[in-house]
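Colleague: Just one file: entry02.cif, with mmCIF, C-alpha atoms.
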```cif
data_structure
#
loop_
_atom_site.group_PDB
_atom_site.id
_atom_site.type_symbol
_atom_site.label_atom_id
_atom_site.label_comp_id
_atom_site.auth_asym_id
_atom_site.auth_seq_id
_atom_site.Cartn_x
_atom_site.Cartn_y
_atom_site.Cartn_z
ATOM 1 C CA MET A 381 59.685 46.644 39.158
ATOM 2 C CA ASN A 382 59.727 44.271 36.234
ATOM 3 C CA LEU A 383 56.463 43.791 34.382
ATOM 4 C CA THR A 384 56.326 40.658 32.273
ATOM 5 C CA LEU A 385 53.264 39.525 30.395
ATOM 6 C CA ALA A 386 52.662 35.799 30.627
ATOM 7 C CA TYR A 387 52.792 33.955 27.336
ATOM 8 C CA ARG A 388 49.495 32.258 26.538
ATOM 9 C CA LEU A 389 49.711 29.101 24.459
ATOM 10 C CA PHE A 390 47.770 29.323 21.177
ATOM 11 C CA VAL A 391 46.677 32.888 22.011
ATOM 12 C CA ASP A 392 49.872 34.912 21.727
ATOM 13 C CA PRO A 393 52.195 34.537 18.736
ATOM 14 C CA LEU A 394 55.538 32.908 19.498
ATOM 15 C CA PRO A 395 58.307 35.496 19.960
ATOM 16 C CA ILE A 396 60.314 34.203 17.006
ATOM 17 C CA TYR A 397 60.108 37.133 14.587
ATOM 18 C CA SER A 398 63.851 36.858 13.863
ATOM 19 C CA TYR A 399 63.822 33.143 13.100
ATOM 20 C CA TRP A 400 60.578 32.718 11.186
ATOM 21 C CA TYR A 401 62.269 31.382 8.046
ATOM 22 C CA TRP A 402 63.386 28.252 9.935
ATOM 23 C CA LEU A 403 59.689 27.363 10.128
ATOM 24 C CA LEU A 404 59.923 26.441 6.450
ATOM 25 C CA ILE A 405 61.668 23.181 7.397
ATOM 26 C CA PRO A 406 58.898 21.609 9.538
ATOM 27 C CA LEU A 407 56.335 22.802 6.992
ATOM 28 C CA CYS A 408 58.174 21.024 4.162
ATOM 29 C CA LEU A 409 58.741 17.921 6.298
ATOM 30 C CA LEU A 410 55.095 17.552 7.375
ATOM 31 C CA PHE A 411 53.913 18.306 3.839
ATOM 32 C CA SER A 412 56.236 15.599 2.489
ATOM 33 C CA ILE A 413 55.105 13.053 5.082
ATOM 34 C CA VAL A 414 51.441 13.482 4.115
ATOM 35 C CA TYR A 415 52.194 13.540 0.389
ATOM 36 C CA LYS A 416 54.340 10.423 0.544
ATOM 37 C CA ALA A 417 51.846 8.632 2.812
ATOM 38 C CA VAL A 418 49.279 9.183 0.071
ATOM 39 C CA LYS A 419 51.618 8.297 -2.798
ATOM 40 C CA CYS A 420 53.603 5.305 -1.509
ATOM 41 C CA ASP A 421 51.872 1.956 -1.693
ATOM 42 C CA ASP A 422 54.249 0.550 0.906
ATOM 43 C CA MET A 423 54.201 2.585 4.137
ATOM 44 C CA SER A 424 57.700 1.443 5.092
ATOM 45 C CA GLN A 425 59.029 3.606 2.233
ATOM 46 C CA VAL A 426 57.423 6.778 3.614
ATOM 47 C CA PRO A 427 60.131 8.000 6.065
ATOM 48 C CA ARG A 428 62.953 7.803 3.516
ATOM 49 C CA ALA A 429 60.845 9.181 0.671
ATOM 50 C CA ALA A 430 59.567 12.043 2.842
ATOM 51 C CA LEU A 431 63.098 13.028 3.895
ATOM 52 C CA ALA A 432 64.259 12.997 0.279
ATOM 53 C CA SER A 433 61.243 15.030 -0.785
ATOM 54 C CA THR A 434 61.858 17.572 2.001
ATOM 55 C CA PHE A 435 65.450 17.945 0.853
ATOM 56 C CA TYR A 436 64.409 18.515 -2.773
ATOM 57 C CA ILE A 437 61.736 21.078 -1.799
ATOM 58 C CA LEU A 438 64.219 23.043 0.331
ATOM 59 C CA LEU A 439 66.839 22.814 -2.413
ATOM 60 C CA GLY A 440 64.321 24.045 -4.977
ATOM 61 C CA MET A 441 63.274 26.956 -2.782
ATOM 62 C CA ALA A 442 66.890 27.923 -2.131
ATOM 63 C CA ALA A 443 67.590 27.799 -5.876
ATOM 64 C CA ALA A 444 64.498 29.899 -6.629
ATOM 65 C CA ALA A 445 65.552 32.423 -3.977
ATOM 66 C CA ALA A 446 69.046 32.630 -5.455
ATOM 67 C CA VAL A 447 67.683 33.157 -8.985
ATOM 68 C CA LEU A 448 65.237 35.825 -7.785
ATOM 69 C CA ALA A 449 68.002 37.569 -5.827
ATOM 70 C CA GLY A 450 70.113 37.547 -8.999
ATOM 71 C CA VAL A 451 67.252 39.005 -11.042
ATOM 72 C CA VAL A 452 66.656 41.766 -8.473
ATOM 73 C CA LYS A 453 70.353 42.572 -8.381
ATOM 74 C CA ALA A 454 70.504 42.689 -12.194
ATOM 75 C CA ILE A 455 67.521 45.056 -12.357
ATOM 76 C CA GLN A 456 68.901 47.456 -9.750
ATOM 77 C CA MET B 59 54.621 -3.550 4.095
ATOM 78 C CA SER B 60 51.797 -3.565 1.627
ATOM 79 C CA GLN B 61 48.342 -2.990 3.021
ATOM 80 C CA ALA B 62 45.184 -4.398 1.567
ATOM 81 C CA ASN B 63 41.781 -2.902 2.069
ATOM 82 C CA SER B 64 40.005 -5.061 4.585
ATOM 83 C CA GLY B 65 37.023 -5.104 6.876
ATOM 84 C CA THR B 66 33.584 -3.685 6.214
ATOM 85 C CA ARG B 67 33.723 -1.284 3.278
ATOM 86 C CA LEU B 68 31.998 2.045 3.733
ATOM 87 C CA PRO B 69 30.464 3.933 0.816
ATOM 88 C CA PRO B 70 32.806 6.664 -0.526
ATOM 89 C CA PRO B 71 30.676 9.620 0.752
ATOM 90 C CA LEU B 72 30.927 8.257 4.298
ATOM 91 C CA VAL B 73 34.677 7.782 3.850
ATOM 92 C CA ALA B 74 34.920 11.442 2.775
ATOM 93 C CA LEU B 75 32.864 12.575 5.771
ATOM 94 C CA ALA B 76 34.998 10.509 8.157
ATOM 95 C CA GLY B 77 38.128 11.996 6.577
ATOM 96 C CA TRP B 78 36.862 15.509 7.187
ATOM 97 C CA LEU B 79 35.715 14.831 10.763
ATOM 98 C CA ILE B 80 39.099 13.308 11.712
ATOM 99 C CA PRO B 81 41.984 13.720 9.251
ATOM 100 C CA GLY B 82 43.075 10.226 8.204
ATOM 101 C CA ALA B 83 39.874 8.557 9.381
ATOM 102 C CA GLY B 84 38.970 7.898 5.749
ATOM 103 C CA TYR B 85 41.903 5.491 5.588
ATOM 104 C CA TRP B 86 40.888 3.898 8.884
ATOM 105 C CA ALA B 87 37.425 3.341 7.411
ATOM 106 C CA ILE B 88 38.893 1.293 4.562
ATOM 107 C CA GLY B 89 41.275 -0.638 6.801
ATOM 108 C CA GLU B 90 44.510 1.276 6.142
ATOM 109 C CA PHE B 91 45.344 2.029 9.759
ATOM 110 C CA ALA B 92 49.050 2.867 9.429
ATOM 111 C CA ARG B 93 48.444 5.287 6.550
ATOM 112 C CA GLY B 94 45.553 6.916 8.411
ATOM 113 C CA THR B 95 47.502 7.312 11.625
ATOM 114 C CA VAL B 96 50.535 8.886 9.918
ATOM 115 C CA VAL B 97 48.353 11.288 7.954
ATOM 116 C CA CYS B 98 46.215 12.154 11.007
ATOM 117 C CA ALA B 99 49.244 12.974 13.145
ATOM 118 C CA ALA B 100 50.969 15.018 10.425
ATOM 119 C CA ILE B 101 47.905 17.109 9.510
ATOM 120 C CA ILE B 102 46.910 17.835 13.111
ATOM 121 C CA VAL B 103 50.498 18.717 14.078
ATOM 122 C CA LEU B 104 50.723 21.008 11.027
ATOM 123 C CA TYR B 105 47.445 22.775 11.855
ATOM 124 C CA LEU B 106 48.221 23.163 15.562
ATOM 125 C CA SER B 107 51.758 24.359 14.749
ATOM 126 C CA GLY B 108 50.213 27.184 12.719
ATOM 127 C CA LEU B 109 48.065 28.182 15.688
ATOM 128 C CA LEU B 110 51.048 27.848 18.028
ATOM 129 C CA VAL B 111 53.288 30.060 15.884
ATOM 130 C CA ALA B 112 50.810 32.839 15.134
ATOM 131 C CA GLY B 113 48.103 32.450 17.777
ATOM 132 C CA VAL B 114 44.522 31.431 17.189
ATOM 133 C CA ARG B 115 43.608 34.897 15.887
ATOM 134 C CA VAL B 116 45.430 34.048 12.675
ATOM 135 C CA ILE B 117 42.120 32.441 11.630
ATOM 136 C CA GLU B 118 40.124 35.097 9.790
ATOM 137 C CA VAL B 119 36.485 34.088 9.605
ATOM 138 C CA PRO B 120 34.308 35.273 6.700
ATOM 139 C CA GLY B 121 31.315 37.248 7.987
ATOM 140 C CA TYR B 122 33.212 38.564 11.000
ATOM 141 C CA ASP B 123 35.434 41.617 11.242
ATOM 142 C CA SER B 124 39.059 40.525 11.662
ATOM 143 C CA GLN B 125 39.866 43.283 14.153
ATOM 144 C CA THR B 126 36.717 43.563 16.294
ATOM 145 C CA GLY B 127 35.156 40.111 15.847
ATOM 146 C CA GLN B 128 31.745 41.671 15.228
ATOM 147 C CA GLN B 129 29.485 40.389 12.467
ATOM 148 C CA VAL B 130 29.968 42.181 9.171
ATOM 149 C CA LEU B 131 26.666 43.845 8.255
ATOM 150 C CA MET B 132 25.534 44.781 4.759
ATOM 151 C CA ILE B 133 22.643 46.605 3.219
ATOM 152 C CA ASN B 134 21.940 46.722 -0.513
ATOM 153 C CA GLY B 135 25.282 45.096 -1.200
ATOM 154 C CA GLN B 136 27.197 47.751 0.722
ATOM 155 C CA ARG B 137 29.234 46.968 3.816
ATOM 156 C CA LEU B 138 28.170 49.091 6.796
ATOM 157 C CA GLN B 139 30.706 51.072 8.757
ATOM 158 C CA ALA B 140 30.920 50.653 12.525
ATOM 159 C CA ARG B 141 29.008 53.894 13.156
ATOM 160 C CA ASP B 142 26.054 52.628 11.088
ATOM 161 C CA ARG B 143 25.654 49.288 12.857
ATOM 162 C CA THR B 144 22.261 50.206 14.326
ATOM 163 C CA TYR B 145 20.717 50.584 10.876
ATOM 164 C CA PRO B 146 17.467 48.529 11.121
ATOM 165 C CA ASN B 147 17.438 46.884 7.676
ATOM 166 C CA ALA B 148 21.051 45.698 7.732
ATOM 167 C CA GLY B 149 21.739 41.984 7.506
ATOM 168 C CA TRP B 150 24.676 39.660 8.114
ATOM 169 C CA ALA B 151 27.058 39.853 5.162
ATOM 170 C CA LEU B 152 27.033 36.092 4.532
ATOM 171 C CA THR B 153 23.248 36.015 4.134
ATOM 172 C CA SER B 154 22.745 39.446 2.584
ATOM 173 C CA GLY B 155 24.564 39.155 -0.718
ATOM 174 C CA GLY B 156 28.094 39.394 0.607
ATOM 175 C CA PHE B 157 28.990 35.711 0.718
ATOM 176 C CA VAL B 158 31.337 35.758 -2.274
ATOM 177 C CA SER B 159 32.962 39.074 -1.375
ATOM 178 C CA GLU B 160 33.609 37.853 2.178
ATOM 179 C CA LEU B 161 35.159 34.612 0.903
ATOM 180 C CA THR B 162 37.350 36.435 -1.591
ATOM 181 C CA ALA B 163 38.461 38.785 1.184
ATOM 182 C CA LYS B 164 39.449 35.834 3.388
ATOM 183 C CA PRO B 165 40.239 33.039 0.905
ATOM 184 C CA TRP B 166 42.535 31.080 3.229
ATOM 185 C CA PHE B 167 39.550 30.132 5.367
ATOM 186 C CA VAL B 168 38.430 27.825 2.550
ATOM 187 C CA GLY B 169 41.667 25.869 2.920
ATOM 188 C CA GLN B 170 41.609 26.010 6.709
ATOM 189 C CA ILE B 171 38.076 24.654 7.034
ATOM 190 C CA LEU B 172 39.095 21.530 5.098
ATOM 191 C CA ALA B 173 41.177 20.502 8.131
ATOM 192 C CA GLY B 174 37.972 19.439 9.890
ATOM 193 C CA PRO B 175 36.118 20.448 13.054
ATOM 194 C CA VAL B 176 39.350 21.714 14.625
ATOM 195 C CA SER B 177 39.087 24.641 12.194
ATOM 196 C CA LEU B 178 35.577 25.473 13.397
ATOM 197 C CA VAL B 179 36.715 25.383 17.033
ATOM 198 C CA SER B 180 39.686 27.644 16.291
ATOM 199 C CA ALA B 181 37.472 29.996 14.243
ATOM 200 C CA ALA B 182 35.074 30.322 17.182
ATOM 201 C CA ALA B 183 38.006 30.940 19.543
ATOM 202 C CA SER B 184 39.388 33.565 17.162
ATOM 203 C CA ILE B 185 36.063 35.436 17.109
ATOM 204 C CA GLN B 186 35.722 35.254 20.896
ATOM 205 C CA LEU B 187 39.237 36.617 21.426
ATOM 206 C CA ALA B 188 38.567 39.427 18.964
ATOM 207 C CA LEU B 189 35.275 40.308 20.665
ATOM 208 C CA SER B 190 36.895 40.396 24.093
ATOM 209 C CA ASN B 191 39.826 42.380 22.656
ATOM 210 C CA ASP B 192 42.018 40.065 24.697
ATOM 211 C CA ALA B 193 44.675 39.202 22.143
ATOM 212 C CA PRO B 194 46.091 41.190 19.237
ATOM 213 C CA ARG B 195 46.187 39.801 15.712
ATOM 214 C CA PRO B 196 49.637 38.512 14.753
ATOM 215 C CA HIS B 197 51.839 40.633 12.528
ATOM 216 C CA ALA B 198 53.739 39.579 9.416
ATOM 217 C CA PRO B 199 55.720 37.408 8.937
ATOM 218 C CA LEU B 200 54.245 35.165 11.669
ATOM 219 C CA GLU B 201 50.729 35.845 10.400
ATOM 220 C CA THR B 202 51.803 34.611 6.971
ATOM 221 C CA VAL B 203 53.483 31.526 8.425
ATOM 222 C CA GLY B 204 50.486 30.675 10.619
ATOM 223 C CA THR B 205 48.071 31.130 7.732
ATOM 224 C CA LEU B 206 50.238 28.946 5.481
ATOM 225 C CA TYR B 207 50.529 26.169 8.074
ATOM 226 C CA THR B 208 46.787 26.043 8.790
ATOM 227 C CA ALA B 209 45.641 26.398 5.174
ATOM 228 C CA ILE B 210 48.138 23.838 3.855
ATOM 229 C CA ALA B 211 46.994 21.409 6.580
ATOM 230 C CA GLY B 212 43.442 21.762 5.310
ATOM 231 C CA MET B 213 44.397 21.394 1.657
ATOM 232 C CA LEU B 214 46.496 18.321 2.430
ATOM 233 C CA ASN B 215 43.455 16.867 4.172
ATOM 234 C CA LEU B 216 41.489 17.417 0.959
ATOM 235 C CA LEU B 217 44.179 15.469 -0.919
ATOM 236 C CA VAL B 218 43.932 12.696 1.678
ATOM 237 C CA ILE B 219 40.123 12.617 1.482
ATOM 238 C CA ILE B 220 40.237 12.351 -2.315
ATOM 239 C CA ASP B 221 42.767 9.500 -2.141
ATOM 240 C CA ALA B 222 40.790 7.630 0.555
ATOM 241 C CA VAL B 223 37.579 7.991 -1.467
ATOM 242 C CA HIS B 224 39.392 6.742 -4.579
ATOM 243 C CA ARG B 225 40.714 3.718 -2.705
ATOM 244 C CA ALA B 226 37.268 3.076 -1.169
ATOM 245 C CA GLY B 227 35.763 3.061 -4.658
ATOM 246 C CA GLN B 228 38.156 0.378 -5.907
ATOM 247 C CA PRO B 229 36.815 -3.188 -6.061
ATOM 248 C CA PRO B 230 38.066 -5.453 -3.235
ATOM 249 C CA GLY B 231 41.424 -6.960 -4.008
ATOM 250 C CA ALA B 232 42.333 -4.289 -6.545
ATOM 251 C CA GLY B 233 45.789 -2.870 -5.982
ATOM 252 C CA THR B 234 46.505 0.762 -5.355
ATOM 253 C CA GLU B 235 49.491 0.871 -7.635
ATOM 254 C CA GLN B 236 51.240 4.154 -7.861
ATOM 255 C CA PRO B 237 53.633 5.151 -10.610
ATOM 256 C CA VAL B 238 57.210 4.301 -9.723
ATOM 257 C CA GLY B 239 59.763 7.066 -9.619
ATOM 258 C CA GLY B 240 59.428 10.802 -9.369
ATOM 259 C CA ILE B 241 59.791 12.932 -6.304
#
```
Using the file provided, produce a representation of the structure as C-alpha cells.
Modeller:
Amino acid sequence: MNLTLAYRLFVDPLPIYSYWYWLLIPLCLLFSIVYKAVKCDDMSQVPRAALASTFYILLGMAAAAAVLAGVVKAIQ
Amino acid sequence: MSQANSGTRLPPPLVALAGWLIPGAGYWAIGEFARGTVVCAAIIVLYLSGLLVAGVRVIEVPGYDSQTGQQVLMINGQRLQARDRTYPNAGWALTSGGFVSELTAKPWFVGQILAGPVSLVSAAASIQLALSNDAPRPHAPLETVGTLYTAIAGMLNLLVIIDAVHRAGQPPGAGTEQPVGGI
C-alpha cells in the first residue's frame, strides 16, 4: 500500500531542496522590477532596465561566490 | 511614457497609509496607475512566492513561540519555560518588558510586516498552524529563501511608500526627474 501525503499549498514547503539556488533568479527579477519602477521616470523603460539590472545582480553574485570560493580554497 | 501626477492629491500620510494597506496604492493615490500596478503585482508575487516556497510557518511572530505557537510569557524580565506556564504573575512577553528582545530574536518580522495586511494574515495563519501542530516549520535552505522573499517584499514596499510620499509632497507640475545612468 502506498501512503502519500497530499501537498497543501502555502502550508507545506515545496519539495525543491535540491534546486533552491534557482530561486535566486525570480528574487532578483522581482526586486529589479520594483526598484526600476521606482527609479525610472518613464515606465516604458522598466522592462529593459529591470532585465539588465537582474543580469548585473546575478553576475555580481556569481563573481562574489567565485572570489569567496577562491579565498576559502587559498585558506585551506 | 511620462506620467504626471493628476487627480485629487492626498496628503502624504494618507498616501503612506494607502501604500501600506495595498502595495502600490500610494502611486494610485497620486495618479500614477501604471507604476502602482507594476509595483503592486511584483511585491505581492514576491511575498506569496516566499510563502509558497517555504510554507506559511516561515513567518515567525514576535511574542509567540516559533515551534508551539503559544504566547511567550515573561516574569521579571525572564522568559518562562513551558513547565512554568501556569505561574500566576507571568505576562505576555511583548507587554512585560520583552518587546525588544522578542524583536531582536525575530528581526525579519519587521521587514515582513511592511508588506501590508497580507503579513498580518499570514502571521495569524502561522500561529494557528503552530498551535494545531498541523504543519512543521520549514528547514534550511527553504526557510532562508522564504524568509528572504517575504522580508525583501516588505522592505521594497517601504521603498515604494517613501517614493510615493516624496512624489505626493512635490508641488503639482513638478517633475520627478531621476539621475540618468547607473544600474
Colleague: Spell out the residues picked by the PyMOL selection byres ((chain B) within 6 of (chain A)) here, as number ranges by chain.
Modeller: B: 59-60, 97, 100, 109-114
Colleague: Any chance you could work out the residue set of the PyMOL selection byres ((chain B and resi 94) around 9) here, as a list of chain:residue names?
Modeller: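 Checking the PyMOL selection byres ((chain B and resi 94) around 9) against this file, the residues are A:Ala417, B:Pro81, B:Gly82, B:Ala83, B:Gly84, B:Tyr85, B:Trp86, B:Ala87, B:Gly89, B:Glu90, B:Phe91, B:Ala92, B:Arg93, B:Thr95, B:Val96, B:Val97, B:Cys98, B:Ala99.
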Colleague: What do you get, as a list in words, if you spell out every residue that the PyMOL selection byres ((chain B and resi 190-194) around 10) selects here?
Modeller: Arg388, Val391, Asp392 and Pro393 of chain A; Gly113, Val114, Arg115, Val116, Gln125, Thr126, Gly127, Ser184, Ile185, Gln186, Leu187, Ala188, Leu189, Arg195, Pro196 and His197 of chain B
Colleague: Just to confirm, what's the straight-line distance from CA of Ala163 in chain B to CA of Met132 in chain B in Å (one decimal)?
Modeller: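 These atoms are spaced 14.7 Å apart.
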Colleague: So how many Å separate CA of Cys408 in chain A and CA of Leu438 in chain A, to one decimal?
Modeller: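 We find that CA of Cys408 in chain A and CA of Leu438 in chain A lie 7.4 Å from each other.
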Colleague: How far is it from CA of Ala181 in chain B to CA of Pro70 in chain B, in Å with one decimal?
Modeller: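 About the pair CA of Ala181 in chain B and CA of Pro70 in chain B: they are 28.0 Å apart.
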Colleague: May I have the residues within 8 Å of Gly135 in chain B as a list of chain:residue names, using only C-alpha atoms and disregarding those fewer than 4 positions away in the same chain?
Modeller: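 The residues that qualify are B:Ser154, B:Gly155, B:Gly156.
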Colleague: May I ask which of the residues B:Val103, B:Leu161, B:Ile219, B:Val168 is the closest one to Gly121 in chain B, counting all atoms listed in the file?
Modeller: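 Of B:Val103, B:Leu161, B:Ile219, B:Val168, the one nearest Gly121 in chain B, counting all atoms listed in the file, is B:Leu161.
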Colleague: If I put a ball of radius 12 Å at (33.3, 39.6, 0.0) in the file's coordinates, which residues poke into it when counting all atoms listed in the file, written as a list in words?
Modeller: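 Those residues, ordered by chain and then number, are Val119, Pro120, Gly121, Tyr122, Asp123, Val130, Leu131, Met132, Gly135, Gln136, Arg137, Trp150, Ala151, Leu152, Thr153, Ser154, Gly155, Gly156, Phe157, Val158, Ser159, Glu160, Leu161, Thr162, Ala163, Lys164 and Pro165 of chain B.
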Colleague: Could you please fill out range 94-111 of chain B with N, CA and C atoms and send it back as a PDB file, in the frame of the given file?
Modeller:
```
ATOM      1  N   GLY B  94      46.448   5.962   7.759  1.00  0.00           N
ATOM      2  CA  GLY B  94      45.553   6.916   8.411  1.00  0.00           C
ATOM      3  C   GLY B  94      46.179   7.565   9.627  1.00  0.00           C
ATOM      4  N   THR B  95      46.898   6.779  10.402  1.00  0.00           N
ATOM      5  CA  THR B  95      47.502   7.312  11.625  1.00  0.00           C
ATOM      6  C   THR B  95      48.616   8.319  11.301  1.00  0.00           C
ATOM      7  N   VAL B  96      49.445   7.978  10.314  1.00  0.00           N
ATOM      8  CA  VAL B  96      50.535   8.886   9.918  1.00  0.00           C
ATOM      9  C   VAL B  96      49.961  10.203   9.403  1.00  0.00           C
ATOM     10  N   VAL B  97      48.961  10.095   8.544  1.00  0.00           N
ATOM     11  CA  VAL B  97      48.353  11.288   7.954  1.00  0.00           C
ATOM     12  C   VAL B  97      47.655  12.123   9.028  1.00  0.00           C
ATOM     13  N   CYS B  98      46.927  11.462   9.925  1.00  0.00           N
ATOM     14  CA  CYS B  98      46.215  12.154  11.007  1.00  0.00           C
ATOM     15  C   CYS B  98      47.193  12.952  11.858  1.00  0.00           C
ATOM     16  N   ALA B  99      48.263  12.297  12.283  1.00  0.00           N
ATOM     17  CA  ALA B  99      49.244  12.974  13.145  1.00  0.00           C
ATOM     18  C   ALA B  99      49.881  14.150  12.417  1.00  0.00           C
ATOM     19  N   ALA B 100      50.269  13.957  11.159  1.00  0.00           N
ATOM     20  CA  ALA B 100      50.969  15.018  10.425  1.00  0.00           C
ATOM     21  C   ALA B 100      50.060  16.230  10.196  1.00  0.00           C
ATOM     22  N   ILE B 101      48.811  15.990   9.806  1.00  0.00           N
ATOM     23  CA  ILE B 101      47.905  17.109   9.510  1.00  0.00           C
ATOM     24  C   ILE B 101      47.548  17.868  10.781  1.00  0.00           C
ATOM     25  N   ILE B 102      47.274  17.148  11.858  1.00  0.00           N
ATOM     26  CA  ILE B 102      46.910  17.835  13.111  1.00  0.00           C
ATOM     27  C   ILE B 102      48.111  18.605  13.670  1.00  0.00           C
ATOM     28  N   VAL B 103      49.293  18.000  13.609  1.00  0.00           N
ATOM     29  CA  VAL B 103      50.498  18.717  14.078  1.00  0.00           C
ATOM     30  C   VAL B 103      50.733  19.972  13.236  1.00  0.00           C
ATOM     31  N   LEU B 104      50.535  19.855  11.913  1.00  0.00           N
ATOM     32  CA  LEU B 104      50.723  21.008  11.027  1.00  0.00           C
ATOM     33  C   LEU B 104      49.736  22.125  11.369  1.00  0.00           C
ATOM     34  N   TYR B 105      48.471  21.766  11.551  1.00  0.00           N
ATOM     35  CA  TYR B 105      47.445  22.775  11.855  1.00  0.00           C
ATOM     36  C   TYR B 105      47.717  23.437  13.210  1.00  0.00           C
ATOM     37  N   LEU B 106      47.987  22.607  14.228  1.00  0.00           N
ATOM     38  CA  LEU B 106      48.221  23.163  15.562  1.00  0.00           C
ATOM     39  C   LEU B 106      49.522  23.971  15.608  1.00  0.00           C
ATOM     40  N   SER B 107      50.516  23.581  14.800  1.00  0.00           N
ATOM     41  CA  SER B 107      51.758  24.359  14.749  1.00  0.00           C
ATOM     42  C   SER B 107      51.484  25.765  14.221  1.00  0.00           C
ATOM     43  N   GLY B 108      50.590  25.864  13.244  1.00  0.00           N
ATOM     44  CA  GLY B 108      50.213  27.184  12.719  1.00  0.00           C
ATOM     45  C   GLY B 108      49.590  28.046  13.797  1.00  0.00           C
ATOM     46  N   LEU B 109      48.703  27.434  14.593  1.00  0.00           N
ATOM     47  CA  LEU B 109      48.065  28.182  15.688  1.00  0.00           C
ATOM     48  C   LEU B 109      49.086  28.525  16.770  1.00  0.00           C
ATOM     49  N   LEU B 110      50.024  27.620  17.004  1.00  0.00           N
ATOM     50  CA  LEU B 110      51.048  27.848  18.028  1.00  0.00           C
ATOM     51  C   LEU B 110      51.964  29.007  17.621  1.00  0.00           C
ATOM     52  N   VAL B 111      52.347  29.036  16.357  1.00  0.00           N
ATOM     53  CA  VAL B 111      53.288  30.060  15.884  1.00  0.00           C
ATOM     54  C   VAL B 111      52.635  31.437  15.880  1.00  0.00           C
TER      55      VAL B 111
END
```
